[in-house]
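Asks: So that you have it, the file is target_34.txt, and it contains compact mmCIF, C-alpha atoms:
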# COMPACT_ATOMS: atom_id res chain seq x y z
CA MET A 1 100.56 137.45 113.97
CA ASN A 2 102.85 139.04 111.36
CA GLU A 3 104.27 137.09 108.44
CA ALA A 4 107.75 136.53 109.88
CA LYS A 5 106.37 135.15 113.14
CA ALA A 6 103.96 132.92 111.22
CA ILE A 7 106.82 131.45 109.16
CA THR A 8 108.87 130.85 112.32
CA SER A 9 105.90 129.14 113.94
CA ASN A 10 105.41 126.91 110.90
CA GLN A 11 109.11 126.07 110.88
CA ALA A 12 108.91 124.84 114.47
CA ASN A 13 105.87 122.73 113.55
CA TRP A 14 107.70 121.11 110.62
CA ASP A 15 110.80 120.51 112.73
CA ASP A 16 108.52 118.46 115.01
CA ARG A 17 106.86 116.68 112.11
CA ALA A 18 110.22 115.61 110.66
CA ASP A 19 111.01 113.47 113.71
CA ILE A 20 107.61 111.74 113.39
CA HIS A 21 107.69 111.32 109.62
CA VAL A 22 111.15 109.77 109.53
CA ARG A 23 109.85 106.96 111.79
CA SER A 24 106.53 106.51 110.00
CA GLU A 25 105.37 103.59 107.88
CA MET A 26 104.21 106.09 105.26
CA TYR A 27 107.77 107.23 104.49
CA ASP A 28 109.31 103.83 105.36
CA VAL A 29 112.86 105.16 105.39
CA GLU A 30 114.38 101.76 106.22
CA GLY A 31 112.55 100.07 103.36
CA PHE A 32 113.49 102.90 101.00
CA LEU A 33 117.17 102.50 101.86
CA THR A 34 117.02 98.71 101.64
CA ASP A 35 115.66 98.82 98.08
CA PRO A 36 117.84 101.12 95.92
CA THR A 37 115.39 100.77 93.02
CA ARG A 38 112.46 102.24 94.94
CA ILE A 39 111.05 105.55 93.73
CA SER A 40 108.56 107.34 95.95
CA GLY A 41 104.92 107.33 94.89
CA VAL A 42 104.94 111.12 94.84
CA VAL A 43 107.82 111.24 92.38
CA ARG A 44 106.29 108.54 90.17
CA LYS A 45 103.20 110.72 89.77
CA ASP A 46 105.30 113.87 89.34
CA LEU A 47 107.35 112.22 86.63
CA ALA A 48 104.20 111.15 84.78
CA VAL A 49 103.23 114.82 84.57
CA LEU A 50 106.72 116.05 83.76
CA ALA A 51 107.96 113.38 81.32
CA PRO A 52 106.20 114.70 78.18
CA HIS A 53 108.10 117.96 78.64
CA LEU A 54 111.55 116.37 79.01
CA PRO A 55 114.02 114.86 76.56
CA GLU A 56 113.62 111.13 75.88
CA PRO A 57 115.87 109.98 78.78
CA GLY A 58 113.68 111.90 81.24
CA VAL A 59 115.57 113.61 84.07
CA SER A 60 118.69 111.53 83.46
CA ASP A 61 121.78 113.79 83.52
CA LEU A 62 119.62 116.92 83.98
CA SER A 63 120.34 119.22 86.92
CA LEU A 64 117.39 119.38 89.31
CA LEU A 65 116.23 121.51 92.25
CA HIS A 66 113.51 120.20 94.56
CA LEU A 67 111.76 122.98 96.48
CA GLN A 68 110.21 122.30 99.92
CA CYS A 69 111.87 118.90 99.99
CA HIS A 70 111.10 117.95 103.65
CA ILE A 71 113.07 114.81 104.74
CA GLY A 72 114.41 114.20 101.25
CA ILE A 73 112.81 110.91 100.18
CA ASP A 74 111.41 112.49 97.01
CA THR A 75 114.66 114.41 96.37
CA ILE A 76 116.68 111.19 96.60
CA SER A 77 114.15 109.52 94.30
CA TRP A 78 114.94 112.12 91.63
CA ALA A 79 118.64 111.32 92.09
CA ARG A 80 117.86 107.61 91.74
CA LEU A 81 116.15 108.41 88.44
CA GLY A 82 119.44 109.82 87.19
CA ALA A 83 119.11 113.55 87.82
CA ALA A 84 122.51 115.21 88.19
CA ASP A 85 123.73 117.79 90.69
CA VAL A 86 120.50 117.47 92.68
CA HIS A 87 119.64 120.17 95.22
CA GLY A 88 116.94 119.98 97.90
CA LEU A 89 115.63 123.09 99.63
CA ASP A 90 113.50 123.40 102.76
CA PHE A 91 112.92 125.93 105.56
CA SER A 92 113.06 123.29 108.32
CA PRO A 93 116.59 122.62 109.58
CA ASN A 94 115.50 119.42 111.30
CA SER A 95 113.95 118.12 108.07
CA LEU A 96 117.23 118.80 106.29
CA ARG A 97 119.18 117.07 109.06
CA HIS A 98 117.20 113.90 108.39
CA ALA A 99 117.43 114.39 104.60
CA ARG A 100 121.22 114.66 104.78
CA ARG A 101 121.49 111.48 106.87
CA ILE A 102 119.21 109.50 104.55
CA ALA A 103 121.04 110.69 101.42
CA ASP A 104 124.41 109.83 102.93
CA ALA A 105 123.14 106.34 103.79
CA ASP A 106 121.91 106.00 100.20
CA GLY A 107 125.23 107.08 98.75
CA HIS A 108 123.93 110.18 96.99
CA ASN A 109 125.78 113.49 97.12
CA ILE A 110 122.88 115.95 97.29
CA THR A 111 123.24 119.64 98.14
CA TRP A 112 120.80 120.70 100.88
CA VAL A 113 119.80 124.34 101.26
CA GLU A 114 117.91 125.85 104.20
CA SER A 115 115.63 128.59 102.88
CA ASP A 116 112.12 129.84 102.34
CA ALA A 117 111.23 128.74 98.79
CA ARG A 118 110.33 132.32 97.90
CA HIS A 119 113.96 133.36 98.38
CA ALA A 120 115.72 130.34 96.88
CA SER A 121 117.38 132.31 94.08
CA THR A 122 119.12 134.60 96.57
CA LEU A 123 120.91 131.64 98.19
CA ILE A 124 121.60 129.37 95.22
CA ASP A 125 124.09 130.83 92.77
CA ARG A 126 123.38 128.60 89.78
CA CYS A 127 120.55 127.52 87.47
CA PHE A 128 118.88 124.16 86.83
CA ASP A 129 117.40 122.26 83.93
CA VAL A 130 114.44 121.21 86.11
CA VAL A 131 112.79 122.69 89.21
CA VAL A 132 110.04 120.73 90.97
CA THR A 133 107.76 121.08 93.99
CA SER A 134 104.98 118.75 95.00
CA THR A 135 102.26 117.76 97.45
CA GLY A 136 101.31 120.06 100.29
CA THR A 137 103.75 122.86 99.58
CA ILE A 138 102.42 126.25 98.53
CA VAL A 139 99.84 126.64 101.33
CA TRP A 140 102.85 127.33 103.58
CA LEU A 141 103.90 130.35 101.48
CA PRO A 142 102.25 133.72 102.17
CA ASP A 143 102.48 134.84 98.53
CA LEU A 144 103.50 133.40 95.18
CA ALA A 145 104.93 136.38 93.28
CA ALA A 146 108.43 136.10 94.77
CA TRP A 147 108.19 132.28 94.62
CA ALA A 148 107.47 132.34 90.89
CA GLN A 149 110.18 134.91 90.16
CA SER A 150 112.70 132.85 92.10
CA ILE A 151 111.75 129.77 90.06
CA HIS A 152 112.20 131.70 86.83
CA ASP A 153 115.61 132.95 87.92
CA LEU A 154 116.73 129.45 88.95
CA LEU A 155 115.84 127.85 85.62
CA GLU A 156 118.29 127.55 82.76
CA PRO A 157 117.00 129.06 79.49
CA GLY A 158 114.65 126.39 78.19
CA GLY A 159 114.42 124.82 81.65
CA VAL A 160 111.15 123.38 82.94
CA PHE A 161 109.25 123.77 86.22
CA MET A 162 106.55 121.47 87.59
CA ILE A 163 104.19 121.82 90.54
CA ARG A 164 101.70 119.11 91.52
CA ASP A 165 99.76 119.81 94.69
CA ASP A 166 96.50 119.42 96.58
CA HIS A 167 93.71 121.20 94.74
CA PRO A 168 92.73 124.50 96.41
CA ILE A 169 89.05 123.53 96.39
CA LEU A 170 89.87 121.11 99.22
CA GLY A 171 91.07 123.98 101.37
CA ALA A 172 87.82 125.79 100.73
CA MET A 173 86.04 122.71 102.07
CA ALA A 174 88.49 122.48 105.00
CA PHE A 175 89.21 118.95 103.69
CA GLU A 176 85.73 117.95 104.85
CA PRO A 177 83.42 117.63 101.82
CA TRP A 178 80.82 118.58 100.88
CA GLU A 179 80.31 122.09 102.23
CA ILE A 180 82.30 125.21 101.43
CA LYS A 181 83.68 126.44 104.75
CA ASP A 182 86.57 128.73 103.84
CA ASP A 183 87.96 130.93 101.07
CA TYR A 184 88.80 129.45 97.70
CA LEU A 185 90.13 132.73 96.30
CA SER A 186 93.55 134.05 97.25
CA GLY A 187 94.21 137.16 99.30
CA GLY A 188 92.25 136.45 102.47
CA GLY A 189 95.30 136.35 104.71
CA ALA A 190 96.64 133.56 106.88
CA ARG A 191 94.46 130.72 108.16
CA THR A 192 95.67 129.93 111.67
CA TYR A 193 94.69 126.76 113.52
CA GLU A 194 96.06 124.33 116.10
CA ASP A 195 96.60 120.66 115.31
CA ALA A 196 98.80 118.22 117.22
CA GLY A 197 98.53 115.64 114.42
CA THR A 198 100.20 115.14 111.08
CA TYR A 199 99.41 113.29 107.88
CA THR A 200 101.48 110.15 108.53
CA ASP A 201 100.80 107.14 110.71
CA GLY A 202 102.29 106.81 114.18
CA PRO A 203 101.95 108.69 117.46
CA ARG A 204 100.89 112.32 117.47
CA GLU A 205 103.80 114.04 119.09
CA VAL A 206 103.87 117.51 117.54
CA GLU A 207 104.79 119.97 120.29
CA HIS A 208 104.45 123.15 118.24
CA VAL A 209 100.78 122.82 117.28
CA THR A 210 100.07 126.20 115.65
CA ASN A 211 99.81 126.18 111.86
CA HIS A 212 99.50 129.12 109.47
CA GLU A 213 98.35 128.46 105.89
CA TRP A 214 97.59 130.73 102.95
CA ARG A 215 95.02 130.03 100.22
CA HIS A 216 96.25 130.14 96.61
CA ASP A 217 93.64 129.66 93.89
CA LEU A 218 94.62 128.29 90.49
CA SER A 219 94.50 131.69 88.84
CA GLU A 220 97.12 132.95 91.32
CA VAL A 221 99.36 129.94 90.74
CA VAL A 222 99.21 130.27 86.96
CA GLY A 223 99.20 134.06 86.99
CA SER A 224 102.29 134.31 89.18
CA LEU A 225 104.25 132.01 86.86
CA LEU A 226 103.13 133.97 83.79
CA ASP A 227 103.99 137.28 85.46
CA ALA A 228 107.48 135.92 86.21
CA GLY A 229 108.00 135.35 82.48
CA LEU A 230 107.38 131.61 82.26
CA THR A 231 105.27 129.93 79.58
CA ILE A 232 102.58 127.51 80.74
CA GLU A 233 102.74 124.19 78.90
CA THR A 234 100.29 122.13 80.97
CA LEU A 235 97.48 122.76 83.45
CA ALA A 236 95.75 119.61 84.66
CA GLU A 237 93.33 118.56 87.42
CA PHE A 238 93.13 115.00 88.74
CA PRO A 239 90.53 112.96 90.71
CA HIS A 240 93.18 111.40 92.98
CA MET A 241 95.67 112.54 95.60
CA ASP A 242 98.69 111.32 97.56
CA TRP A 243 97.26 110.99 101.06
CA PRO A 244 93.90 110.13 102.67
CA ALA A 245 92.89 113.71 103.38
CA PHE A 246 89.37 112.82 104.51
CA ALA A 247 87.39 109.75 105.48
CA GLU A 248 85.49 109.29 102.20
CA LEU A 249 88.64 108.56 100.18
CA ILE A 250 89.47 105.01 99.14
CA PRO A 251 92.78 103.53 97.88
CA CYS A 252 93.44 103.49 94.13
CA ASP A 253 96.42 102.93 91.82
CA GLN A 254 97.24 106.67 91.93
CA GLY A 255 96.93 106.95 95.72
CA TRP A 256 93.49 107.92 97.04
CA THR A 257 90.25 108.82 95.29
CA LEU A 258 86.54 109.26 95.95
CA PRO A 259 84.30 106.21 95.60
CA GLU A 260 82.20 105.68 92.49
CA GLY A 261 79.02 107.76 92.59
CA SER A 262 80.62 110.67 94.45
CA PRO A 263 80.65 114.14 92.91
CA ARG A 264 83.52 114.36 90.43
CA ILE A 265 85.80 117.05 91.83
CA PRO A 266 89.54 117.64 91.42
CA LEU A 267 91.72 116.47 94.31
CA THR A 268 95.07 117.55 92.89
CA PHE A 269 96.32 119.84 90.14
CA ALA A 270 99.53 120.15 88.15
CA VAL A 271 101.19 122.94 86.20
CA VAL A 272 104.23 122.64 83.94
CA ALA A 273 105.94 125.85 82.85
CA ARG A 274 109.08 126.65 80.90
CA ARG A 275 111.60 129.47 80.81
CA SER A 276 112.19 130.96 77.38
CA ARG A 277 115.41 129.96 75.63
CA SER A 278 116.12 133.56 74.65
Can the structure in the file be given as structure tokens, please?
Replies:
Amino acid sequence: MNEAKAITSNQANWDDRADIHVRSEMYDVEGFLTDPTRISGVVRKDLAVLAPHLPEPGVSDLSLLHLQCHIGIDTISWARLGAADVHGLDFSPNSLRHARRIADADGHNITWVESDARHASTLIDRCFDVVVTSTGTIVWLPDLAAWAQSIHDLLEPGGVFMIRDDHPILGAMAFEPWEIKDDYLSGGGARTYEDAGTYTDGPREVEHVTNHEWRHDLSEVVGSLLDAGLTIETLAEFPHMDWPAFAELIPCDQGWTLPEGSPRIPLTFAVVARRSRS
């Protein structure tokens, strides 16, 4: 399958997922709307990574773009933290339909953009103080060169970018430790599989079951951002993640982690990069 068809197939899969996720206990849309002080767990962890690279008030009054925003809970969380002129971008029109409804119910005027993250700068005619993407995002992009260049072009001079995502070693283990089953290194082409499930609770109702993912090792992530002209300020690896990706994980304050005595491997990573002021 060529790249364009693979992206279209993934889009149909995520359109299906959006209907399931918006009803799930994991996203708890009703509870989120009922409590206007709630910030998603994903954004709390993202902010912990990002905060040392921001002015003292954090994202307050800073313009912010959230790439691959899905149904918008995290995007709205950034708006609740005080970010200004917030934009959310995703390639799934059904995800954005739900995001728009949830934001309207929450009273936040967020701009939603339907696009592949690699081409965001061709559709958004402005720059941002902060660009973020997080948790299960870049495996859905065939390459990172255009993605990184788009991020650079969307940042104000001195603006900061943050990615926090599942560690690529988990993909090499097919999320089934402890045996390497697939590529860790980038460049091996698409990984195509069928799966009627999704990562939230609730019934498995995905109709479009074909998924196409691409492996991106840490050197590609960092290298693409450097090649785009950004300066790396932080590279970190963490022993916890946002979802129970495999049976061995147990709950912890940061989400999910391996039990004591397990091999100490990274489950997520984070990179913070900045555009030069000149």
Asks: Between A:Gly159, A:Gly255, A:Pro55, A:Pro168, which has the minimum distance to A:Ile180 (counting all atoms listed in the file)?
Replies: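 Among A:Gly159, A:Gly255, A:Pro55, A:Pro168, it is A:Pro168 that comes nearest to A:Ile180.
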Asks: Return as a tab-separated table the residues of stretch 150-218 of chain A lying at most 10 Å from stretch 62-84 of chain A, together with the closest atom-to-atom pair for each and the distance in Å to one decimal, counting all atoms listed in the file, with rows in chain order and ascending residue number.
Replies:
residue	atom	partner	partner_atom	distance
A:Ile151	CA	A:Leu67	CA	9.3
A:Leu154	CA	A:Leu65	CA	8.6
A:Leu155	CA	A:Leu65	CA	9.2
A:Glu156	CA	A:Ser63	CA	9.5
A:Gly159	CA	A:Ser63	CA	9.7
A:Val160	CA	A:Leu64	CA	9.8
A:Phe161	CA	A:Leu65	CA	9.5
A:Met162	CA	A:His66	CA	9.9
A:Ile163	CA	A:Leu67	CA	9.7
Asks: Given only C-alpha atoms as the basis, pick out the residue of A:Ala245, A:Leu144, A:Met173, A:Cys252 nearest to A:Ser224.
Replies: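 Comparing A:Ala245, A:Leu144, A:Met173, A:Cys252 against A:Ser224, the winner is A:Leu144.
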Asks: Report, in Å to a single decimal, how far apart atom CA of A:Ile110 and atom CA of A:Val130 are.
Replies: 15.0 Å
Asks: Compare A:Arg17, A:His216, A:Arg264, A:His108 by their minimum atom-to-atom distance to A:Asp165, counting all atoms listed in the file, and give me the closest one.
Replies: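 Using all atoms listed in the file, A:Asp165 sits closest to A:His216.
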Asks: Grab the atom CA of A:Met26 to atom CA of A:Thr268 distance for me, in Å with one decimal place.
Replies: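 About the pair atom CA of A:Met26 and atom CA of A:Thr268: they are 19.2 Å apart.
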Asks: Hey, can you check how far atom CA of A:Val132 sits from atom CA of A:Ala51?
Replies: 12.3 Å
Asks: So which one's closest to A:Ser219, A:Pro266, A:Pro251, A:Pro93, A:Gly187? Using all atoms listed in the file, please.
Replies: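 The closest residue to A:Ser219 is A:Gly187.
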Asks: Compare A:Arg126, A:Arg191, A:Ala236, A:Leu225 by their minimum atom-to-atom distance to A:Gln149, counting only C-alpha atoms, and give me the closest one.
Replies: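 Distance minimum relative to A:Gln149 lands on A:Leu225.
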